[in-house]
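Below is model.pdb, which holds PDB, C-alpha atoms, pLDDT in the B column.
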```
ATOM      1  CA  MET A   1     131.356 145.708-162.134  1.00 65.00           C
ATOM      2  CA  GLU A   2     133.807 146.003-159.257  1.00 88.00           C
ATOM      3  CA  ARG A   3     137.492 146.019-160.214  1.00 88.00           C
ATOM      4  CA  ALA A   4     138.323 143.168-157.822  1.00 86.00           C
ATOM      5  CA  THR A   5     135.677 141.011-159.484  1.00 91.00           C
ATOM      6  CA  LEU A   6     137.269 141.648-162.870  1.00 93.00           C
ATOM      7  CA  ALA A   7     140.782 141.036-161.518  1.00 93.00           C
ATOM      8  CA  ARG A   8     140.019 137.822-159.602  1.00 94.00           C
ATOM      9  CA  PRO A   9     140.085 135.389-162.584  1.00 95.00           C
ATOM     10  CA  TYR A  10     143.500 136.696-163.635  1.00 96.00           C
ATOM     11  CA  ALA A  11     144.887 136.457-160.092  1.00 95.00           C
ATOM     12  CA  GLU A  12     143.521 132.938-159.692  1.00 95.00           C
ATOM     13  CA  ALA A  13     144.975 131.838-163.024  1.00 95.00           C
ATOM     14  CA  VAL A  14     148.386 133.209-162.066  1.00 96.00           C
ATOM     15  CA  GLY A  15     148.001 131.528-158.666  1.00 94.00           C
ATOM     16  CA  LYS A  16     147.367 128.218-160.393  1.00 95.00           C
ATOM     17  CA  LEU A  17     150.483 128.675-162.531  1.00 94.00           C
ATOM     18  CA  ALA A  18     152.513 129.619-159.462  1.00 94.00           C
ATOM     19  CA  ALA A  19     151.286 126.564-157.564  1.00 93.00           C
ATOM     20  CA  GLU A  20     151.975 124.185-160.453  1.00 93.00           C
ATOM     21  CA  GLY A  21     155.503 125.504-160.864  1.00 91.00           C
ATOM     22  CA  LYS A  22     156.094 126.133-157.134  1.00 90.00           C
ATOM     23  CA  ALA A  23     157.050 129.649-158.212  1.00 92.00           C
ATOM     24  CA  TRP A  24     155.081 131.945-155.893  1.00 94.00           C
ATOM     25  CA  ASP A  25     157.969 134.367-155.312  1.00 93.00           C
ATOM     26  CA  ARG A  26     158.892 134.479-158.993  1.00 95.00           C
ATOM     27  CA  TRP A  27     155.285 135.345-159.911  1.00 96.00           C
ATOM     28  CA  SER A  28     155.178 138.012-157.187  1.00 95.00           C
ATOM     29  CA  GLU A  29     158.206 139.621-158.808  1.00 96.00           C
ATOM     30  CA  ARG A  30     156.738 139.329-162.313  1.00 96.00           C
ATOM     31  CA  LEU A  31     153.424 140.880-161.271  1.00 96.00           C
ATOM     32  CA  ALA A  32     155.173 143.658-159.350  1.00 95.00           C
ATOM     33  CA  LEU A  33     157.268 144.494-162.416  1.00 96.00           C
ATOM     34  CA  LEU A  34     154.219 144.488-164.694  1.00 96.00           C
ATOM     35  CA  ALA A  35     152.342 146.726-162.253  1.00 95.00           C
ATOM     36  CA  VAL A  36     155.194 149.257-162.116  1.00 95.00           C
ATOM     37  CA  VAL A  37     155.526 149.336-165.905  1.00 95.00           C
ATOM     38  CA  ALA A  38     151.759 149.606-166.447  1.00 93.00           C
ATOM     39  CA  ASP A  39     151.507 152.412-163.868  1.00 93.00           C
ATOM     40  CA  ASP A  40     154.046 154.597-165.670  1.00 94.00           C
ATOM     41  CA  ALA A  41     152.379 157.771-166.959  1.00 93.00           C
ATOM     42  CA  GLN A  42     153.707 157.328-170.505  1.00 94.00           C
ATOM     43  CA  MET A  43     152.593 153.700-170.572  1.00 94.00           C
ATOM     44  CA  ARG A  44     149.101 154.648-169.353  1.00 92.00           C
ATOM     45  CA  ASP A  45     148.893 157.258-172.112  1.00 93.00           C
ATOM     46  CA  LEU A  46     150.049 154.744-174.717  1.00 92.00           C
ATOM     47  CA  ALA A  47     147.656 152.023-173.531  1.00 92.00           C
ATOM     48  CA  GLY A  48     144.775 154.483-173.351  1.00 92.00           C
ATOM     49  CA  ASN A  49     145.331 155.846-176.858  1.00 93.00           C
ATOM     50  CA  PRO A  50     142.763 154.266-179.188  1.00 93.00           C
ATOM     51  CA  ALA A  51     145.005 154.966-182.195  1.00 94.00           C
ATOM     52  CA  VAL A  52     147.698 152.605-180.846  1.00 94.00           C
ATOM     53  CA  PRO A  53     146.959 148.932-181.523  1.00 95.00           C
ATOM     54  CA  ALA A  54     147.048 146.491-178.605  1.00 93.00           C
ATOM     55  CA  GLU A  55     149.897 144.565-180.252  1.00 95.00           C
ATOM     56  CA  ARG A  56     152.093 147.681-180.161  1.00 95.00           C
ATOM     57  CA  VAL A  57     151.276 148.336-176.486  1.00 94.00           C
ATOM     58  CA  ALA A  58     152.179 144.730-175.661  1.00 95.00           C
ATOM     59  CA  GLU A  59     155.446 145.015-177.638  1.00 95.00           C
ATOM     60  CA  VAL A  60     156.439 148.116-175.659  1.00 95.00           C
ATOM     61  CA  ILE A  61     155.636 146.492-172.316  1.00 95.00           C
ATOM     62  CA  LEU A  62     157.602 143.367-173.225  1.00 95.00           C
ATOM     63  CA  ALA A  63     160.538 145.469-174.445  1.00 95.00           C
ATOM     64  CA  VAL A  64     160.609 147.418-171.169  1.00 95.00           C
ATOM     65  CA  CYS A  65     160.388 144.242-169.070  1.00 93.00           C
ATOM     66  CA  GLY A  66     162.992 142.413-171.123  1.00 91.00           C
ATOM     67  CA  ASP A  67     163.311 138.732-170.316  1.00 93.00           C
ATOM     68  CA  LYS A  68     162.266 139.165-166.665  1.00 94.00           C
ATOM     69  CA  LEU A  69     158.686 137.986-167.273  1.00 93.00           C
ATOM     70  CA  GLY A  70     159.428 134.656-168.920  1.00 93.00           C
ATOM     71  CA  ALA A  71     157.150 133.146-171.566  1.00 94.00           C
ATOM     72  CA  GLU A  72     154.149 132.819-169.239  1.00 95.00           C
ATOM     73  CA  GLY A  73     154.565 136.380-167.977  1.00 95.00           C
ATOM     74  CA  ASP A  74     154.780 137.620-171.564  1.00 95.00           C
ATOM     75  CA  ASN A  75     151.523 135.805-172.318  1.00 96.00           C
ATOM     76  CA  LEU A  76     149.867 137.390-169.281  1.00 95.00           C
ATOM     77  CA  ALA A  77     150.975 140.872-170.358  1.00 95.00           C
ATOM     78  CA  LYS A  78     149.647 140.295-173.887  1.00 96.00           C
ATOM     79  CA  LEU A  79     146.349 138.974-172.530  1.00 96.00           C
ATOM     80  CA  LEU A  80     145.869 141.946-170.199  1.00 96.00           C
ATOM     81  CA  VAL A  81     146.589 144.403-173.007  1.00 95.00           C
ATOM     82  CA  GLU A  82     144.351 142.553-175.476  1.00 95.00           C
ATOM     83  CA  ASN A  83     141.452 142.465-172.991  1.00 94.00           C
ATOM     84  CA  LYS A  84     142.031 146.082-171.920  1.00 93.00           C
ATOM     85  CA  ARG A  85     142.691 144.978-168.327  1.00 94.00           C
ATOM     86  CA  LEU A  86     146.134 146.502-167.831  1.00 93.00           C
ATOM     87  CA  THR A  87     144.695 148.992-165.334  1.00 93.00           C
ATOM     88  CA  LEU A  88     143.602 146.075-163.134  1.00 94.00           C
ATOM     89  CA  LEU A  89     147.184 145.113-162.289  1.00 95.00           C
ATOM     90  CA  PRO A  90     147.131 146.640-158.769  1.00 94.00           C
ATOM     91  CA  GLU A  91     144.066 144.548-157.916  1.00 94.00           C
ATOM     92  CA  ILE A  92     145.520 141.456-159.583  1.00 95.00           C
ATOM     93  CA  VAL A  93     148.714 141.867-157.549  1.00 94.00           C
ATOM     94  CA  ALA A  94     146.772 142.339-154.303  1.00 91.00           C
ATOM     95  CA  LEU A  95     144.560 139.297-154.906  1.00 92.00           C
ATOM     96  CA  PHE A  96     147.545 137.186-155.938  1.00 94.00           C
ATOM     97  CA  GLU A  97     149.409 138.157-152.763  1.00 90.00           C
ATOM     98  CA  VAL A  98     146.396 137.060-150.699  1.00 86.00           C
ATOM     99  CA  LEU A  99     146.457 133.692-152.502  1.00 89.00           C
ATOM    100  CA  LYS A 100     150.206 133.430-151.947  1.00 90.00           C
ATOM    101  CA  ALA A 101     149.859 134.201-148.234  1.00 83.00           C
ATOM    102  CA  ALA A 102     147.104 131.600-147.884  1.00 82.00           C
ATOM    103  CA  GLN A 103     149.273 129.054-149.689  1.00 85.00           C
ATOM    104  CA  GLU A 104     152.072 129.774-147.259  1.00 82.00           C
ATOM    105  CA  GLY A 105     149.677 129.433-144.317  1.00 82.00           C
ATOM    106  CA  GLU A 106     149.719 133.142-143.561  1.00 85.00           C
ATOM    107  CA  LEU A 107     146.725 135.336-142.752  1.00 85.00           C
ATOM    108  CA  THR A 108     146.391 139.108-142.913  1.00 86.00           C
ATOM    109  CA  ALA A 109     144.802 140.898-139.977  1.00 90.00           C
ATOM    110  CA  HIS A 110     143.622 144.479-140.284  1.00 93.00           C
ATOM    111  CA  ILE A 111     143.661 146.184-136.899  1.00 95.00           C
ATOM    112  CA  THR A 112     141.711 149.404-136.467  1.00 95.00           C
ATOM    113  CA  SER A 113     142.264 151.327-133.251  1.00 94.00           C
ATOM    114  CA  ALA A 114     141.200 154.653-131.785  1.00 92.00           C
ATOM    115  CA  TYR A 115     144.829 155.580-131.130  1.00 92.00           C
ATOM    116  CA  ALA A 116     148.116 154.560-132.732  1.00 92.00           C
ATOM    117  CA  LEU A 117     149.417 151.325-131.250  1.00 93.00           C
ATOM    118  CA  SER A 118     153.060 151.086-130.235  1.00 94.00           C
ATOM    119  CA  ASN A 119     155.217 148.424-131.861  1.00 93.00           C
ATOM    120  CA  GLU A 120     155.070 146.409-128.625  1.00 95.00           C
ATOM    121  CA  GLN A 121     151.265 146.583-128.463  1.00 95.00           C
ATOM    122  CA  LEU A 122     150.944 145.574-132.113  1.00 94.00           C
ATOM    123  CA  ALA A 123     153.414 142.698-131.659  1.00 94.00           C
ATOM    124  CA  GLY A 124     151.456 141.529-128.595  1.00 94.00           C
ATOM    125  CA  LEU A 125     148.174 141.556-130.514  1.00 94.00           C
ATOM    126  CA  VAL A 126     149.745 139.672-133.422  1.00 94.00           C
ATOM    127  CA  ALA A 127     151.201 137.063-131.043  1.00 94.00           C
ATOM    128  CA  LYS A 128     147.773 136.514-129.430  1.00 94.00           C
ATOM    129  CA  LEU A 129     146.106 136.225-132.852  1.00 92.00           C
ATOM    130  CA  GLU A 130     148.732 133.727-134.025  1.00 91.00           C
ATOM    131  CA  ALA A 131     148.153 131.657-130.889  1.00 92.00           C
ATOM    132  CA  LYS A 132     144.363 131.792-131.310  1.00 91.00           C
ATOM    133  CA  LEU A 133     144.314 131.043-135.043  1.00 87.00           C
ATOM    134  CA  GLY A 134     147.340 128.756-135.210  1.00 86.00           C
ATOM    135  CA  ARG A 135     148.763 130.524-138.283  1.00 87.00           C
ATOM    136  CA  LYS A 136     151.278 133.222-139.049  1.00 88.00           C
ATOM    137  CA  ILE A 137     149.685 136.681-139.066  1.00 91.00           C
ATOM    138  CA  THR A 138     150.719 139.762-141.021  1.00 89.00           C
ATOM    139  CA  ALA A 139     149.107 142.876-139.568  1.00 92.00           C
ATOM    140  CA  THR A 140     148.090 146.184-141.079  1.00 92.00           C
ATOM    141  CA  GLN A 141     146.893 149.052-138.942  1.00 95.00           C
ATOM    142  CA  SER A 142     144.598 152.041-139.342  1.00 94.00           C
ATOM    143  CA  LEU A 143     143.094 154.646-137.034  1.00 94.00           C
ATOM    144  CA  ASP A 144     139.432 155.459-136.429  1.00 94.00           C
ATOM    145  CA  VAL A 145     138.871 157.962-133.614  1.00 92.00           C
ATOM    146  CA  GLU A 146     135.153 157.107-133.615  1.00 92.00           C
ATOM    147  CA  LEU A 147     136.008 153.804-131.918  1.00 93.00           C
ATOM    148  CA  ILE A 148     136.627 155.873-128.738  1.00 92.00           C
ATOM    149  CA  GLY A 149     138.946 153.145-127.402  1.00 92.00           C
ATOM    150  CA  GLY A 150     139.870 149.507-127.980  1.00 92.00           C
ATOM    151  CA  VAL A 151     140.381 147.770-131.312  1.00 95.00           C
ATOM    152  CA  VAL A 152     138.507 146.114-134.156  1.00 95.00           C
ATOM    153  CA  ILE A 153     140.397 143.230-135.754  1.00 95.00           C
ATOM    154  CA  GLN A 154     139.422 141.782-139.116  1.00 93.00           C
ATOM    155  CA  VAL A 155     140.960 138.502-140.274  1.00 88.00           C
ATOM    156  CA  GLY A 156     139.384 137.332-143.498  1.00 77.00           C
ATOM    157  CA  ASP A 157     135.611 137.284-142.940  1.00 76.00           C
ATOM    158  CA  GLU A 158     135.891 137.254-139.150  1.00 87.00           C
ATOM    159  CA  VAL A 159     135.600 140.542-137.245  1.00 92.00           C
ATOM    160  CA  MET A 160     136.498 140.826-133.567  1.00 93.00           C
ATOM    161  CA  ASP A 161     135.185 144.080-132.107  1.00 94.00           C
ATOM    162  CA  SER A 162     136.511 145.020-128.681  1.00 93.00           C
ATOM    163  CA  SER A 163     136.078 148.748-129.168  1.00 92.00           C
ATOM    164  CA  VAL A 164     134.211 151.057-126.822  1.00 92.00           C
ATOM    165  CA  ARG A 165     131.898 152.009-129.694  1.00 91.00           C
ATOM    166  CA  GLY A 166     131.123 148.327-130.322  1.00 90.00           C
ATOM    167  CA  GLY A 167     130.485 147.739-126.626  1.00 90.00           C
ATOM    168  CA  LEU A 168     128.133 150.724-126.446  1.00 91.00           C
ATOM    169  CA  ALA A 169     126.263 149.533-129.535  1.00 90.00           C
ATOM    170  CA  SER A 170     125.865 146.082-127.994  1.00 90.00           C
ATOM    171  CA  LEU A 171     124.639 147.615-124.738  1.00 91.00           C
ATOM    172  CA  ALA A 172     122.106 149.741-126.636  1.00 91.00           C
ATOM    173  CA  VAL A 173     120.731 146.635-128.372  1.00 92.00           C
ATOM    174  CA  THR A 174     120.466 144.830-125.034  1.00 92.00           C
ATOM    175  CA  LEU A 175     118.659 147.755-123.375  1.00 92.00           C
ATOM    176  CA  LYS A 176     116.165 148.046-126.257  1.00 91.00           C
ATOM    177  CA  ALA A 177     115.284 144.336-126.112  1.00 79.00           C
TER     178      ALA A 177
END
```
Can the structure in the file be given as structure tokens, please?
Amino acid sequence: MERATLARPYAEAVGKLAAEGKAWDRWSERLALLAVVADDAQMRDLAGNPAVPAERVAEVILAVCGDKLGAEGDNLAKLLVENKRLTLLPEIVALFEVLKAAQEGELTAHITSAYALSNEQLAGLVAKLEAKLGRKITATQSLDVELIGGVVIQVGDEVMDSSVRGGLASLAVTLKA
């Protein structure tokens, strides 16, 4: 099973708690702290050791985090340890942040280009996307030289392909028809 599929119920449950308590930022901080603690090499070794009971692993995590998690965060940590899902924290954090951004009316756009975009070009693209979609956009960028030129923009399930490669593929389909 894909890790995101396993992580989604936890992220959604935390999202529900965050929404009920209007505590999105607080939960972002709690999850980030848990992820850092769980990613520590010694903690991974401890959690992965079958001779160490889950209760002991949870005690160590809670001791390291102190009172920063709150009662609900403590319960989440215990649940993740008990269900052997501590390693899913990066995915849980990522999915939770997507929920948080959606709650705040923000979308994430992934922009793939053949060449690195300047800050001005990226800001211009983001401004046009915000105007088109009517929401705040946070952009990430990657390079793919196989695009030849242009950009491919993915916002949620929607993909806008204005690359040379995409144009050539479309032309090839048209010519074959």
inquiry  = Given all atoms listed in the file as the basis, pick out the residue of A:Ala131, A:Val145, A:Lys16, A:Ala7 nearest to Leu80 (chain A).
reply    = A:Ala7
request  = Enumerate, as a ChimeraX atom specification, the residues matched when the PyMOL selection byres ((chain A and resi 125) around 12) is run on the file above.
outcome  = /A:109-113,117-124,126-132,137-141,150-153
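Across the structure, CA of Ser28 (chain A) and CA of Val93 (chain A) are spaced 7.5 Å apart.
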Hey, what comes out of the PyMOL selection byres ((chain A and resi 34) around 10) on this file? Could you write it as a PDB file with C-alpha atoms, in the coordinates of the input?
```
ATOM      1  CA  SER A  28     155.178 138.012-157.187  1.00 95.00           C
ATOM      2  CA  GLU A  29     158.206 139.621-158.808  1.00 96.00           C
ATOM      3  CA  ARG A  30     156.738 139.329-162.313  1.00 96.00           C
ATOM      4  CA  LEU A  31     153.424 140.880-161.271  1.00 96.00           C
ATOM      5  CA  ALA A  32     155.173 143.658-159.350  1.00 95.00           C
ATOM      6  CA  LEU A  33     157.268 144.494-162.416  1.00 96.00           C
ATOM      7  CA  ALA A  35     152.342 146.726-162.253  1.00 95.00           C
ATOM      8  CA  VAL A  36     155.194 149.257-162.116  1.00 95.00           C
ATOM      9  CA  VAL A  37     155.526 149.336-165.905  1.00 95.00           C
ATOM     10  CA  ALA A  38     151.759 149.606-166.447  1.00 93.00           C
ATOM     11  CA  ASP A  39     151.507 152.412-163.868  1.00 93.00           C
ATOM     12  CA  ILE A  61     155.636 146.492-172.316  1.00 95.00           C
ATOM     13  CA  LEU A  62     157.602 143.367-173.225  1.00 95.00           C
ATOM     14  CA  VAL A  64     160.609 147.418-171.169  1.00 95.00           C
ATOM     15  CA  CYS A  65     160.388 144.242-169.070  1.00 93.00           C
ATOM     16  CA  LYS A  68     162.266 139.165-166.665  1.00 94.00           C
ATOM     17  CA  LEU A  69     158.686 137.986-167.273  1.00 93.00           C
ATOM     18  CA  GLY A  73     154.565 136.380-167.977  1.00 95.00           C
ATOM     19  CA  ASP A  74     154.780 137.620-171.564  1.00 95.00           C
ATOM     20  CA  LEU A  76     149.867 137.390-169.281  1.00 95.00           C
ATOM     21  CA  ALA A  77     150.975 140.872-170.358  1.00 95.00           C
ATOM     22  CA  LEU A  86     146.134 146.502-167.831  1.00 93.00           C
ATOM     23  CA  LEU A  89     147.184 145.113-162.289  1.00 95.00           C
ATOM     24  CA  PRO A  90     147.131 146.640-158.769  1.00 94.00           C
ATOM     25  CA  VAL A  93     148.714 141.867-157.549  1.00 94.00           C
TER      26      VAL A  93
END
```
inquiry  = Can you measure CA of Val98 (chain A) to CA of Arg3 (chain A) for me? One decimal in Å is fine.
reply    = 15.8 Å
Enclosing box along x, y and z for every listed atom of region 44-61 of chain A, padded 6 Å each side, centre and size in Å, one decimal, as lines of an AutoDock Vina configuration file:
```
center_x = 149.6
center_y = 150.9
center_z = -175.8
size_x = 25.7
size_y = 24.7
size_z = 24.8
```
ask   = Residues at most 9 Å from Asp144 (chain A), counting all atoms listed in the file, excluding those fewer than 2 positions away in the same chain, as a ChimeraX atom specification?
value = /A:112-115,142,146-148
inquiry  = Would you pick out the contacts of Glu97 (chain A) at 10 Å or less, using only C-alpha atoms, so that residues sharing its chain but fewer than 6 positions from it are not included, and give the list as JSON, numbers by chain?
reply    = {"A": [11, 15, 24, 25, 27, 28, 31, 91, 103]}
Would you export the selected residues with C-alpha atoms as an mmCIF file, keeping the file's coordinate frame, please?
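Contents of again-v7.cif, as written:
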```
data_model
loop_
_atom_site.group_PDB
_atom_site.id
_atom_site.type_symbol
_atom_site.label_atom_id
_atom_site.label_comp_id
_atom_site.auth_asym_id
_atom_site.auth_seq_id
_atom_site.Cartn_x
_atom_site.Cartn_y
_atom_site.Cartn_z
ATOM 1 C CA ALA A 11 144.887 136.457 -160.092
ATOM 2 C CA GLY A 15 148.001 131.528 -158.666
ATOM 3 C CA TRP A 24 155.081 131.945 -155.893
ATOM 4 C CA ASP A 25 157.969 134.367 -155.312
ATOM 5 C CA TRP A 27 155.285 135.345 -159.911
ATOM 6 C CA SER A 28 155.178 138.012 -157.187
ATOM 7 C CA LEU A 31 153.424 140.880 -161.271
ATOM 8 C CA GLU A 91 144.066 144.548 -157.916
ATOM 9 C CA GLN A 103 149.273 129.054 -149.689
#
```
The PyMOL selection byres ((chain A and resi 83) around 12) on the file shown: which residues, as a tab-separated table (two decimals) with C-alpha atoms, keeping the file's coordinate frame?
```
chain	number	residue	atom	x	y	z
A	6	LEU	CA	137.27	141.65	-162.87
A	7	ALA	CA	140.78	141.04	-161.52
A	10	TYR	CA	143.50	136.70	-163.64
A	47	ALA	CA	147.66	152.02	-173.53
A	54	ALA	CA	147.05	146.49	-178.60
A	55	GLU	CA	149.90	144.56	-180.25
A	57	VAL	CA	151.28	148.34	-176.49
A	58	ALA	CA	152.18	144.73	-175.66
A	76	LEU	CA	149.87	137.39	-169.28
A	77	ALA	CA	150.98	140.87	-170.36
A	78	LYS	CA	149.65	140.29	-173.89
A	79	LEU	CA	146.35	138.97	-172.53
A	80	LEU	CA	145.87	141.95	-170.20
A	81	VAL	CA	146.59	144.40	-173.01
A	82	GLU	CA	144.35	142.55	-175.48
A	84	LYS	CA	142.03	146.08	-171.92
A	85	ARG	CA	142.69	144.98	-168.33
A	86	LEU	CA	146.13	146.50	-167.83
A	87	THR	CA	144.70	148.99	-165.33
A	88	LEU	CA	143.60	146.07	-163.13
```
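Across the structure, CA of Phe96 (chain A) and CA of Val14 (chain A) are spaced 7.4 Å apart.
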Closest of A:Ala23, A:Glu106, A:Gly149, A:Ala71 to Gly167 (chain A) - atom-to-atom distances counting all atoms listed in the file =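 Of A:Ala23, A:Glu106, A:Gly149, A:Ala71, the one nearest Gly167 (chain A), counting all atoms listed in the file, is A:Gly149.
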request  = Give the answer as one residue: which of A:Arg135, A:Arg44, A:Arg56, A:Lys100 has the shortest atom-to-atom distance to Ala18 (chain A), using all atoms listed in the file?
outcome  = A:Lys100
